[in-house]
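Shown here: input-v7.cif, mmCIF, C-alpha atoms.
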data_upload
#
loop_
_atom_site.label_atom_id
_atom_site.label_comp_id
_atom_site.auth_asym_id
_atom_site.auth_seq_id
_atom_site.Cartn_x
_atom_site.Cartn_y
_atom_site.Cartn_z
CA MET A 1 112.77 135.88 112.57
CA SER A 2 109.51 137.21 114.01
CA GLU A 3 106.68 134.82 114.77
CA LYS A 4 104.53 136.71 112.29
CA ASN A 5 106.98 135.91 109.50
CA GLN A 6 107.24 132.31 110.66
CA GLN A 7 103.46 132.03 110.37
CA LEU A 8 103.54 133.55 106.91
CA ILE A 9 106.06 130.95 105.74
CA ALA A 10 104.02 128.13 107.29
CA GLU A 11 100.98 129.34 105.36
CA TYR A 12 103.05 129.61 102.21
CA LEU A 13 104.21 126.01 102.61
CA GLN A 14 100.63 124.80 102.97
CA GLY A 15 99.56 126.78 99.93
CA THR A 16 96.94 128.79 101.79
CA LEU A 17 98.44 132.26 101.30
CA ASP A 18 96.34 134.66 99.27
CA GLU A 19 97.88 137.03 96.69
CA ALA A 20 98.43 139.76 99.27
CA GLY A 21 100.21 137.28 101.54
CA LYS A 22 102.45 136.10 98.71
CA ARG A 23 103.37 139.68 97.89
CA GLU A 24 104.19 140.25 101.53
CA VAL A 25 106.56 137.26 101.52
CA GLU A 26 108.22 138.54 98.36
CA GLU A 27 108.68 141.97 99.92
CA LEU A 28 110.15 140.46 103.08
CA ILE A 29 112.58 138.46 100.97
CA ALA A 30 113.50 141.56 98.98
CA LYS A 31 114.16 143.49 102.19
CA GLY A 32 116.24 140.63 103.58
CA ASP A 33 113.90 139.98 106.52
CA ILE A 34 113.45 136.46 105.18
CA ASP A 35 116.60 134.74 103.94
CA PHE A 36 115.86 133.63 100.39
CA ILE A 37 118.24 130.66 100.44
CA ASP A 38 116.81 129.33 103.73
CA PHE A 39 113.30 129.90 102.42
CA ARG A 40 113.95 127.97 99.18
CA ALA A 41 115.67 125.15 101.08
CA MET A 42 112.68 124.81 103.39
CA GLU A 43 110.26 124.84 100.45
CA GLN A 44 112.32 122.16 98.71
CA LEU A 45 112.44 120.02 101.85
CA HIS A 46 108.66 120.37 102.19
CA ASP A 47 108.28 119.03 98.64
CA GLU A 48 110.79 116.22 99.21
CA LEU A 49 108.74 114.83 102.08
CA ASP A 50 106.70 113.14 99.32
CA MET A 51 109.53 110.60 99.10
CA ILE A 52 108.46 109.02 102.37
CA GLN A 53 106.00 106.30 101.45
CA VAL A 54 103.66 104.30 103.66
CA PRO A 55 103.05 100.59 102.94
CA GLU A 56 99.54 99.30 102.34
CA PRO A 57 97.73 97.95 105.39
CA SER A 58 96.91 94.24 105.30
CA LYS A 59 93.45 93.03 104.36
CA GLU A 60 93.18 91.64 107.87
CA MET A 61 92.58 95.19 109.07
CA SER A 62 89.35 95.36 107.12
CA SER A 63 88.23 91.94 108.32
CA ARG A 64 88.92 92.88 111.92
CA PHE A 65 86.92 96.07 111.60
CA TYR A 66 83.87 94.38 110.11
CA THR A 67 84.09 91.64 112.73
CA MET A 68 84.09 94.31 115.43
CA LEU A 69 81.23 96.17 113.80
CA GLU A 70 79.12 93.06 113.55
CA ALA A 71 79.87 92.19 117.17
CA GLU A 72 78.73 95.66 118.23
CA LYS A 73 75.53 95.32 116.26
CA GLU A 74 74.95 92.01 117.94
CA GLN A 75 75.19 93.63 121.32
CA VAL A 76 72.69 96.23 120.25
CA LYS A 77 70.30 93.62 118.95
CA SER A 78 70.27 91.60 122.14
CA SER A 79 67.07 89.82 121.13
CA LEU A 80 68.88 87.83 118.46
CA GLY A 81 71.79 87.24 120.82
CA GLU A 82 73.91 84.21 120.70
CA ILE A 83 72.51 82.56 117.56
CA ILE A 84 73.56 85.35 115.21
CA ARG A 85 76.85 85.88 117.04
CA ALA A 86 77.74 82.22 116.55
CA LYS A 87 76.93 82.40 112.85
CA LEU A 88 79.03 85.52 112.40
CA ASN A 89 81.96 84.04 114.24
CA GLU A 90 81.69 81.01 112.02
CA PHE A 91 81.59 83.25 108.96
CA PHE A 92 84.53 85.35 109.96
CA SER A 93 86.66 82.41 110.94
CA TYR A 94 85.88 81.11 107.47
CA LEU A 95 86.88 84.50 106.07
CA THR A 96 90.06 84.78 108.09
CA MET A 97 91.67 81.37 108.32
CA PRO A 98 92.04 80.68 104.59
CA ARG A 99 93.65 84.07 104.21
CA LEU A 100 96.19 83.28 106.88
CA ALA A 101 96.88 79.96 105.23
CA TYR A 102 97.05 81.67 101.87
CA ALA A 103 99.50 84.28 103.19
CA PHE A 104 101.66 81.46 104.53
CA VAL A 105 101.63 79.65 101.20
CA LEU A 106 102.51 82.89 99.40
CA LEU A 107 105.38 83.48 101.79
CA ILE A 108 106.84 80.09 101.02
CA VAL A 109 106.20 80.30 97.30
CA GLY A 110 107.54 83.88 97.18
CA GLY A 111 110.67 82.85 99.08
CA PHE A 112 111.17 79.90 96.78
CA ILE A 113 110.85 81.98 93.63
CA GLY A 114 113.04 84.69 95.16
CA ASN A 115 115.74 82.12 95.89
CA GLN A 116 115.55 80.68 92.43
CA LEU A 117 115.72 83.99 90.67
CA GLY A 118 117.67 86.08 93.16
CA SER A 119 120.85 84.11 92.80
CA ASN A 120 120.92 84.87 89.09
CA ASP A 121 120.42 88.62 89.16
CA ALA A 122 123.18 89.30 86.68
CA GLU A 123 121.76 86.83 84.22
CA ILE A 124 118.24 88.09 84.63
CA GLN A 125 119.31 91.57 83.68
CA GLU A 126 120.76 90.22 80.46
CA LEU A 127 117.64 88.39 79.47
CA THR A 128 115.97 89.73 76.38
CA SER A 129 112.37 89.80 75.30
CA GLU A 130 112.75 86.11 74.53
CA MET A 131 112.97 85.50 78.25
CA GLN A 132 109.76 87.43 78.77
CA ASN A 133 108.08 85.27 76.13
CA MET A 134 109.36 82.17 77.88
CA ARG A 135 108.03 83.40 81.18
CA GLU A 136 104.65 84.07 79.63
CA MET A 137 104.54 80.66 78.03
CA MET A 138 105.50 79.02 81.29
CA MET A 139 102.93 81.06 83.18
CA VAL A 140 100.10 80.27 80.77
CA SER A 141 101.04 76.61 80.78
CA MET A 142 101.14 76.45 84.58
CA LEU A 143 97.84 78.32 84.86
CA GLU A 144 96.22 75.50 82.95
CA GLY A 145 97.74 72.81 85.18
CA PRO A 146 95.86 70.67 87.70
CA SER A 147 97.98 71.66 90.73
CA THR A 148 96.75 74.62 92.79
CA THR A 149 100.30 75.27 93.98
CA ASP A 150 101.52 75.47 90.40
CA ARG A 151 98.73 77.83 89.46
CA LEU A 152 99.54 80.06 92.43
CA ARG A 153 103.16 79.97 91.36
CA ALA A 154 102.12 80.92 87.85
CA VAL A 155 100.22 83.93 89.11
CA ASN A 156 103.30 84.97 91.06
CA ILE A 157 105.44 84.62 87.97
CA SER A 158 103.23 87.25 86.35
CA ALA A 159 104.66 89.71 88.86
CA GLN A 160 108.06 89.19 87.25
CA LEU A 161 106.76 90.38 83.88
CA PRO A 162 107.87 93.96 83.39
CA MET A 163 104.77 95.02 81.49
CA ALA A 164 101.18 93.99 80.94
CA ASP A 165 101.15 91.79 77.85
CA GLN A 166 97.70 91.18 76.32
CA LYS A 167 98.24 87.44 76.30
CA ALA A 168 99.26 87.33 79.94
CA VAL A 169 96.36 89.58 80.95
CA ARG A 170 93.84 87.43 79.10
CA ALA A 171 95.24 84.27 80.70
CA LEU A 172 94.98 85.80 84.16
CA LEU A 173 91.44 87.08 83.52
CA PHE A 174 90.44 83.60 82.37
CA THR A 175 91.88 82.24 85.63
CA LEU A 176 90.01 84.87 87.63
CA ASN A 177 86.72 83.83 86.07
CA ASN A 178 87.21 80.09 86.01
CA ASP A 179 89.72 78.81 88.55
CA GLU A 180 88.15 76.62 91.20
CA SER A 181 90.60 77.77 93.91
CA VAL A 182 89.66 80.86 95.89
CA ASN A 183 93.32 81.47 96.76
CA VAL A 184 94.33 81.44 93.11
CA ARG A 185 91.53 83.84 92.20
CA VAL A 186 92.40 86.22 95.06
CA GLN A 187 96.06 86.20 94.11
CA THR A 188 95.10 86.76 90.48
CA ILE A 189 93.19 89.91 91.43
CA GLU A 190 96.22 91.22 93.26
CA ALA A 191 98.50 90.37 90.34
CA LEU A 192 96.22 92.11 87.85
CA THR A 193 95.86 95.14 90.10
CA ARG A 194 99.53 95.89 89.40
CA TRP A 195 98.49 96.55 85.82
CA GLY A 196 95.43 98.54 86.84
CA ASP A 197 96.06 101.26 84.26
CA ASN A 198 95.52 98.80 81.43
CA PRO A 199 91.96 99.19 80.02
CA LEU A 200 91.79 95.45 79.32
CA VAL A 201 92.43 94.73 83.00
CA ARG A 202 89.85 97.28 84.19
CA GLU A 203 87.22 96.01 81.77
CA GLY A 204 88.05 92.42 82.70
CA PHE A 205 87.62 93.17 86.40
CA VAL A 206 84.21 94.75 85.82
CA LYS A 207 83.00 91.80 83.74
CA SER A 208 84.34 89.35 86.30
CA ILE A 209 82.18 90.68 89.14
CA ALA A 210 79.10 88.84 87.89
CA ASN A 211 81.06 85.56 87.76
CA GLN A 212 82.08 85.57 91.41
CA ASP A 213 80.20 83.86 94.18
CA ASN A 214 82.85 83.55 96.88
CA ASP A 215 82.86 86.15 99.67
CA ILE A 216 86.64 86.51 99.87
CA VAL A 217 86.98 86.97 96.12
CA ILE A 218 84.15 89.51 96.07
CA VAL A 219 85.65 91.49 98.96
CA THR A 220 89.09 91.43 97.30
CA LEU A 221 87.58 92.58 94.01
CA ALA A 222 85.75 95.37 95.84
CA ASP A 223 89.02 96.55 97.43
CA ALA A 224 90.74 96.44 94.03
CA MET A 225 87.99 98.50 92.38
CA VAL A 226 88.27 101.16 95.07
CA GLU A 227 92.06 101.16 94.85
CA LEU A 228 91.98 101.54 91.06
CA GLY A 229 88.98 103.89 91.09
CA VAL A 230 86.99 101.82 88.57
CA LYS A 231 83.78 103.76 88.94
CA ASN A 232 81.83 101.80 86.32
CA SER A 233 82.14 98.69 88.49
CA ALA A 234 79.51 100.17 90.85
CA ASN A 235 76.65 99.06 88.56
CA GLU A 236 77.98 95.51 88.42
CA PHE A 237 78.29 95.38 92.20
CA GLN A 238 74.72 96.65 92.51
CA ARG A 239 73.57 93.90 90.15
CA LEU A 240 75.51 91.38 92.21
CA ILE A 241 73.68 92.49 95.36
CA ASN A 242 70.32 92.33 93.59
CA GLU A 243 70.84 88.95 92.00
CA LYS A 244 72.85 86.97 94.55
CA ASP A 245 72.19 86.11 98.15
CA LEU A 246 75.41 87.51 99.65
CA ALA A 247 76.41 86.96 103.28
CA GLY A 248 75.58 89.92 105.51
CA ALA A 249 79.07 91.33 106.01
CA THR A 250 79.97 90.85 102.34
CA LYS A 251 76.82 92.62 101.25
CA LYS A 252 77.62 95.55 103.52
CA LYS A 253 81.19 95.66 102.23
CA VAL A 254 79.89 95.78 98.64
CA GLU A 255 77.35 98.47 99.53
CA ASN A 256 80.09 100.57 101.09
CA THR A 257 82.28 100.03 98.05
CA ILE A 258 79.47 101.26 95.79
CA ALA A 259 79.06 104.34 97.97
CA VAL A 260 82.79 105.10 97.75
CA LEU A 261 82.88 104.55 93.98
CA LEU A 262 79.88 106.76 93.21
CA MET B 263 78.73 109.98 111.84
CA MET B 264 75.44 111.52 112.91
CA LYS B 265 73.68 108.48 111.44
CA VAL B 266 75.97 106.17 113.42
CA LYS B 267 75.13 108.19 116.51
CA ASP B 268 71.44 107.72 115.73
CA GLY B 269 71.87 103.95 115.66
CA ASP B 270 72.61 103.22 111.99
CA LEU B 271 75.84 101.38 112.81
CA ASP B 272 76.35 100.19 109.23
CA LYS B 273 77.27 103.75 108.27
CA LEU B 274 80.48 103.29 110.25
CA GLY B 275 81.52 100.91 107.47
CA LEU B 276 81.34 103.79 105.03
CA LEU B 277 83.53 105.90 107.31
CA PHE B 278 85.96 103.00 107.60
CA GLU B 279 86.23 102.70 103.82
CA ARG B 280 86.95 106.40 103.48
CA TYR B 281 89.29 106.94 106.39
CA ASN B 282 91.10 103.70 107.24
CA ARG B 283 94.06 104.51 105.00
CA PRO B 284 94.59 108.10 106.15
CA LEU B 285 94.44 106.84 109.74
CA TYR B 286 96.81 103.97 109.02
CA SER B 287 99.16 106.40 107.30
CA PHE B 288 98.96 108.76 110.30
CA PHE B 289 99.90 106.00 112.74
CA TYR B 290 102.53 104.47 110.49
CA ARG B 291 104.33 107.78 110.13
CA LYS B 292 104.30 108.09 113.91
CA THR B 293 105.40 104.55 114.73
CA TYR B 294 106.91 102.94 111.60
CA GLU B 295 105.22 99.71 112.73
CA SER B 296 102.62 98.17 110.41
CA GLN B 297 100.93 95.85 112.88
CA LEU B 298 100.78 98.46 115.61
CA SER B 299 99.34 100.98 113.14
CA GLU B 300 96.60 98.53 112.16
CA ASP B 301 95.84 97.88 115.84
CA LEU B 302 95.54 101.61 116.47
CA VAL B 303 93.23 102.08 113.47
CA GLN B 304 91.02 99.37 114.97
CA SER B 305 91.18 101.12 118.32
CA VAL B 306 90.01 104.40 116.75
CA PHE B 307 86.93 102.79 115.23
CA GLU B 308 86.19 100.97 118.48
CA ARG B 309 86.32 104.31 120.27
CA MET B 310 84.08 105.91 117.65
CA LEU B 311 81.50 103.26 118.39
CA LYS B 312 81.97 103.49 122.12
CA TYR B 313 81.74 107.27 122.25
CA ARG B 314 79.33 107.77 119.35
CA THR B 315 76.76 109.41 121.59
CA THR B 316 79.23 112.17 122.45
CA TYR B 317 79.68 113.20 118.80
CA SER B 318 78.13 116.65 118.49
CA GLY B 319 78.56 117.24 114.76
CA THR B 320 79.54 120.84 115.39
CA GLY B 321 83.19 120.56 114.25
CA SER B 322 84.58 118.69 111.29
CA PHE B 323 84.46 114.90 111.42
CA THR B 324 88.12 114.69 110.40
CA THR B 325 89.17 116.78 113.39
CA TRP B 326 87.12 114.63 115.75
CA MET B 327 88.57 111.46 114.22
CA PHE B 328 92.19 112.58 114.43
CA SER B 329 91.64 113.75 118.01
CA ILE B 330 90.55 110.23 118.85
CA ALA B 331 93.54 108.89 116.92
CA ARG B 332 95.90 111.14 118.83
CA ASN B 333 94.48 109.97 122.16
CA ALA B 334 94.66 106.33 121.07
CA HIS B 335 98.33 106.77 120.28
CA ILE B 336 99.05 108.57 123.55
CA ASP B 337 97.22 105.87 125.54
CA HIS B 338 99.11 103.15 123.76
CA TYR B 339 102.40 104.91 124.32
CA ARG B 340 101.70 105.27 128.06
CA LYS B 341 100.72 101.62 128.42
CA GLU B 342 103.69 100.38 126.47
CA LYS B 343 106.22 102.90 127.71
CA ARG B 344 108.10 100.45 129.86
CA ARG B 345 108.18 97.83 127.15
CA ARG B 346 109.25 100.35 124.54
CA GLU B 347 112.10 101.58 126.69
CA ASP B 348 113.29 98.00 126.96
CA GLU B 349 113.00 97.60 123.19
CA ILE B 350 114.93 100.77 122.58
CA LEU B 351 117.73 99.43 124.73
CA ASP B 352 117.60 95.98 123.23
CA GLU B 353 116.76 96.33 119.58
CA GLU B 354 116.61 99.78 118.15
CA GLN B 355 119.40 101.39 116.27
CA ILE B 356 121.98 103.19 118.34
CA PRO B 357 121.72 106.94 117.68
CA GLY B 358 124.35 108.06 115.21
CA GLU B 359 124.74 104.63 113.65
CA VAL B 360 124.58 104.66 109.87
CA PRO B 361 121.52 102.76 108.55
CA ALA B 362 122.33 99.44 106.91
CA GLY B 363 123.27 99.71 103.25
CA TYR B 364 123.25 103.52 103.29
CA ALA B 365 126.54 103.88 101.41
CA GLU B 366 125.32 101.65 98.58
CA MET B 367 122.04 103.54 98.10
CA ASP B 368 121.50 105.99 95.27
CA GLU B 369 121.08 109.65 96.12
CA ARG B 370 117.30 109.56 96.13
CA ASN B 371 117.11 106.62 98.55
CA GLN B 372 119.72 108.20 100.78
CA LYS B 373 117.57 111.33 100.92
CA LYS B 374 114.51 109.24 101.76
CA VAL B 375 116.35 107.57 104.66
CA LEU B 376 117.59 110.93 105.90
CA LEU B 377 114.07 112.37 105.85
CA GLU B 378 112.64 109.38 107.71
CA LYS B 379 115.35 109.53 110.36
CA ALA B 380 114.98 113.30 110.67
CA ILE B 381 111.21 113.13 111.18
CA GLU B 382 111.73 110.49 113.86
CA GLN B 383 113.93 112.93 115.76
CA LEU B 384 111.31 115.68 115.94
CA ASP B 385 109.39 115.89 119.19
CA ASP B 386 105.86 114.42 119.17
CA ASP B 387 103.95 117.68 118.72
CA LYS B 388 106.11 118.94 115.88
CA ARG B 389 106.11 115.56 114.13
CA GLU B 390 102.33 115.43 114.41
CA VAL B 391 101.92 118.89 112.87
CA VAL B 392 104.10 117.87 109.91
CA ILE B 393 102.22 114.58 109.46
CA LEU B 394 98.76 116.11 109.67
CA SER B 395 99.59 119.16 107.58
CA ARG B 396 101.91 117.72 104.95
CA PHE B 397 100.63 114.17 104.58
CA GLU B 398 97.01 114.18 105.72
CA GLY B 399 96.12 117.57 104.27
CA LEU B 400 94.59 119.08 107.41
CA LYS B 401 94.37 122.85 107.73
CA TYR B 402 96.24 124.58 110.53
CA HIS B 403 93.03 125.52 112.35
CA GLU B 404 91.99 121.85 112.35
CA ILE B 405 95.37 120.78 113.76
CA ALA B 406 95.00 123.53 116.36
CA ASP B 407 91.70 121.97 117.49
CA ILE B 408 93.33 118.55 117.71
CA GLN B 409 96.34 119.73 119.70
CA GLY B 410 94.32 122.18 121.78
CA VAL B 411 96.36 125.28 120.97
CA THR B 412 95.82 128.36 118.82
CA GLU B 413 96.14 128.34 115.04
CA SER B 414 99.04 130.81 115.30
CA ALA B 415 100.89 128.44 117.60
CA ILE B 416 100.45 125.62 115.09
CA LYS B 417 101.85 127.75 112.26
CA VAL B 418 104.88 128.65 114.34
CA ARG B 419 105.26 124.98 115.31
CA MET B 420 105.17 123.99 111.64
CA PHE B 421 107.79 126.56 110.71
CA ARG B 422 110.05 125.43 113.55
CA ALA B 423 109.52 121.77 112.70
CA MET B 424 110.59 122.37 109.10
CA LYS B 425 113.60 124.42 110.21
CA GLU B 426 114.61 121.68 112.64
CA LEU B 427 114.10 119.02 109.98
CA LYS B 428 116.39 120.88 107.63
CA GLN B 429 119.05 121.09 110.31
CA ILE B 430 118.73 117.41 111.27
CA VAL B 431 118.92 116.31 107.62
CA THR B 432 122.11 118.32 107.15
CA THR B 433 123.66 116.94 110.34
CA LEU B 434 122.73 113.32 109.60
CA SER B 435 123.93 113.62 106.02
CA GLU B 436 127.34 114.77 107.24
CA GLU B 437 127.49 112.06 109.93
CA TYR B 438 126.54 109.27 107.55
CA SER B 439 128.92 110.36 104.81
CA HIS B 440 131.88 110.54 107.20
CA GLU B 441 131.44 107.03 108.60
#

Let me see the file written as C-alpha cells.
Amino acid sequence: MSEKNQQLIAEYLQGTLDEAGKREVEELIAKGDIDFIDFRAMEQLHDELDMIQVPEPSKEMSSRFYTMLEAEKEQVKSSLGEIIRAKLNEFFSYLTMPRLAYAFVLLIVGGFIGNQLGSNDAEIQELTSEMQNMREMMMVSMLEGPSTTDRLRAVNISAQLPMADQKAVRALLFTLNNDESVNVRVQTIEALTRWGDNPLVREGFVKSIANQDNDIVIVTLADAMVELGVKNSANEFQRLINEKDLAGATKKKVENTIAVLL
Amino acid sequence: MMKVKDGDLDKLGLLFERYNRPLYSFFYRKTYESQLSEDLVQSVFERMLKYRTTYSGTGSFTTWMFSIARNAHIDHYRKEKRRREDEILDEEQIPGEVPAGYAEMDERNQKKVLLEKAIEQLDDDKREVVILSRFEGLKYHEIADIQGVTESAIKVRMFRAMKELKQIVTTLSEEYSHE
C-alpha cells in the first residue's frame, strides 16, 4: 500500500479526516486499493485499545510534587531560608508519615478481610439481600464503636456492598463529619467516592467541606471532588479558604482544585 | 507556564493538577511500573521548574511537556539499562510463555492481555505514537514535534504500528491457545 494511503488510514483512525478524505477512503476501498477486511480489522483493533486500563497513581505522587514545589520556592526566597524550610519539612513529614502508616494498616486489614471472605467465595455468591442487610447492620454498628481499627474495618466492609444504600451512605457521611480519626475520615472519603454517582454522596461531600479542619482530609476531599467533577464544591472550598487558616500547601492545593473545578 | 517562567511558581501546581494523570498514564503505558511512572512524573515537573526560563510559549504546552517526558524516560532508560537487562534475565517473563491464568480468563480479558503484550512488543517510537495518539489524544503534528520528524512520517508510523499490532495479536493468540 502506498504511503499516501497509509497516511489516509492513520488520519481516519484519529478521526481527523474531512468529508473529502472519507470519500477518498471509500473510493479506494471500492477500487480494491485498500483491503476492506484489513481496514475494518485495524479500525476494530484501534477501538479495542480502550480495554487497556491504567491504575490510579498514589496520593504520594501529589505530596511529593508539592514538597518539591515548596522546596523550590524556598530556594527562590533565600531571605526566609532555613526557618521556612524546616517548617515545611515538619509539615510534610506530618502529611506523609500518617499516610504511610494508614496504608500499612489498610494493607493488613484488607488482607484480613480478604482471607475471611475469600475462602467462602461460593457461599458469598449465594448470599441474598439478607446478607447485604446484615453487612450494613454490622457496618453501622462498627462505625459507632470506640475502636479506630473497627471503624476502619467497617468502612472497608462498605466496599463489599454491591450498591449504594441510603442507610449505608448516611452512616458513612456521619462518620466523615464526626469521626475523630483522620485515617477513618480519609478512608471514608475513598469508600464514598466509589458511589460518586449517587446525588446523596455528592451533596454530602459538598456539605462536609465546611466541617473539615485537618489538612489530609481536606486534600483528600479536594482530590475526590476533582475526580468526581463536583463543580458546586468550588464555592465551599472558597469559603473554607476565607474562613479557616489553612496551612500554606493545603491552601494552594485547594486553590488549584477550585481552578480545576471552575 | 508563562506565569511560572515569570516567577509565579504556584501556577505549576495548577499544571500539575491538570496534567499529572495524563503524564502518569503516558509513563505507565510505556513501563507498566506504577512507582517508576510516579517517579518519572516527578522528574518531568522538576525539569519544568529547572528549565522554565527556556519555555518560549511559541508551541503548545502539551507538546513541550511530552517532549520533556520523552527525554525523562530516555534518560532513565539509559541510566538503568544495565539493571534492566539484569532484570529481564532474572525476572521478566520468557518470550512466548503464556501469561498466568490466561486459559481461565474470559474472552474480553484474554483480549486485554493480548493487546498489552502486543503493545509491549512494538518498538519505542511506534509504541509512543500509539500511546500519544490513541490514549493521550495528541494530534499527529504534535507527535511529529515531539519525535522530531515530519507529520507524514508520524502518520505512516501510526499505520505501521497498528498493522504490526494486529499481526502480533494474531500470532500471540495462536501461540497462547496452542499451549

So which residues touch B:His440 within 12 Å, counting only C-alpha atoms, skipping near sequence neighbours fewer than 4 positions away, as JSON, numbers by chain? {"B": [358, 359, 360, 364, 365, 433, 434, 435, 436]}

From the list B:Leu298, B:Leu271, B:Val418, B:Ala334, which residue is nearest B:Asp387 when using only C-alpha atoms?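 Among B:Leu298, B:Leu271, B:Val418, B:Ala334, it is B:Val418 that comes nearest to B:Asp387.
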
To one decimal in Å, tell me the separation between atom CA of B:Lys428 and atom CA of A:Ile52.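 Those two atoms sit 15.2 Å apart.
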
For a quick test of understanding: name the residues of chain B lying within 6 Å of chain A when counting only C-alpha atoms, and present them as a compact mmCIF listing (two decimals) with C-alpha atoms, in the coordinates of the input.
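selection.txt, written as the output of this step:
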# COMPACT_ATOMS: atom_id res chain seq x y z
CA LEU B 276 81.34 103.79 105.03
CA LYS B 374 114.51 109.24 101.76
CA LYS B 417 101.85 127.75 112.26
CA VAL B 418 104.88 128.65 114.34
CA PHE B 421 107.79 126.56 110.71

Need the shell around B:Gln383: protein/DNA/RNA residues with any atom at most 9 Å away, counting all atoms listed in the file. Skip same-chain ones fewer than 5 positions apart. Format as a ChimeraX atom specification? /B:378,389,427,430

So how far away is atom CA of B:Leu376 from atom CA of A:Ile37, in Å?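 Computing it gives 20.5 Å between the two atoms.
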
I need the residue set behind the PyMOL selection byres ((chain B and resi 391-405) around 9) for this file; please write it as JSON, numbers by chain. {"A": [11, 13, 14, 16, 46, 49, 50], "B": [284, 285, 287, 288, 291, 292, 322, 324, 325, 328, 381, 386, 387, 388, 389, 390, 406, 407, 408, 409, 410, 411, 412, 413, 414, 416, 417, 419, 420, 423, 424]}

What's the separation between atom CA of A:Pro162 and atom CA of A:Gln212, in Å to one decimal place?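 Taking atom CA of A:Pro162 and atom CA of A:Gln212, their separation equals 28.3 Å.
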
Tell me which of A:Leu176, A:Asn211, A:Lys59, A:Arg40 sits closest to B:Asn282, counting all atoms listed in the file. A:Lys59

Tell me which residues the PyMOL selection byres ((chain B and resi 267) around 9) grabs here, as a PyMOL selection string. chain B and resi 263-266+268-271+311+313-317
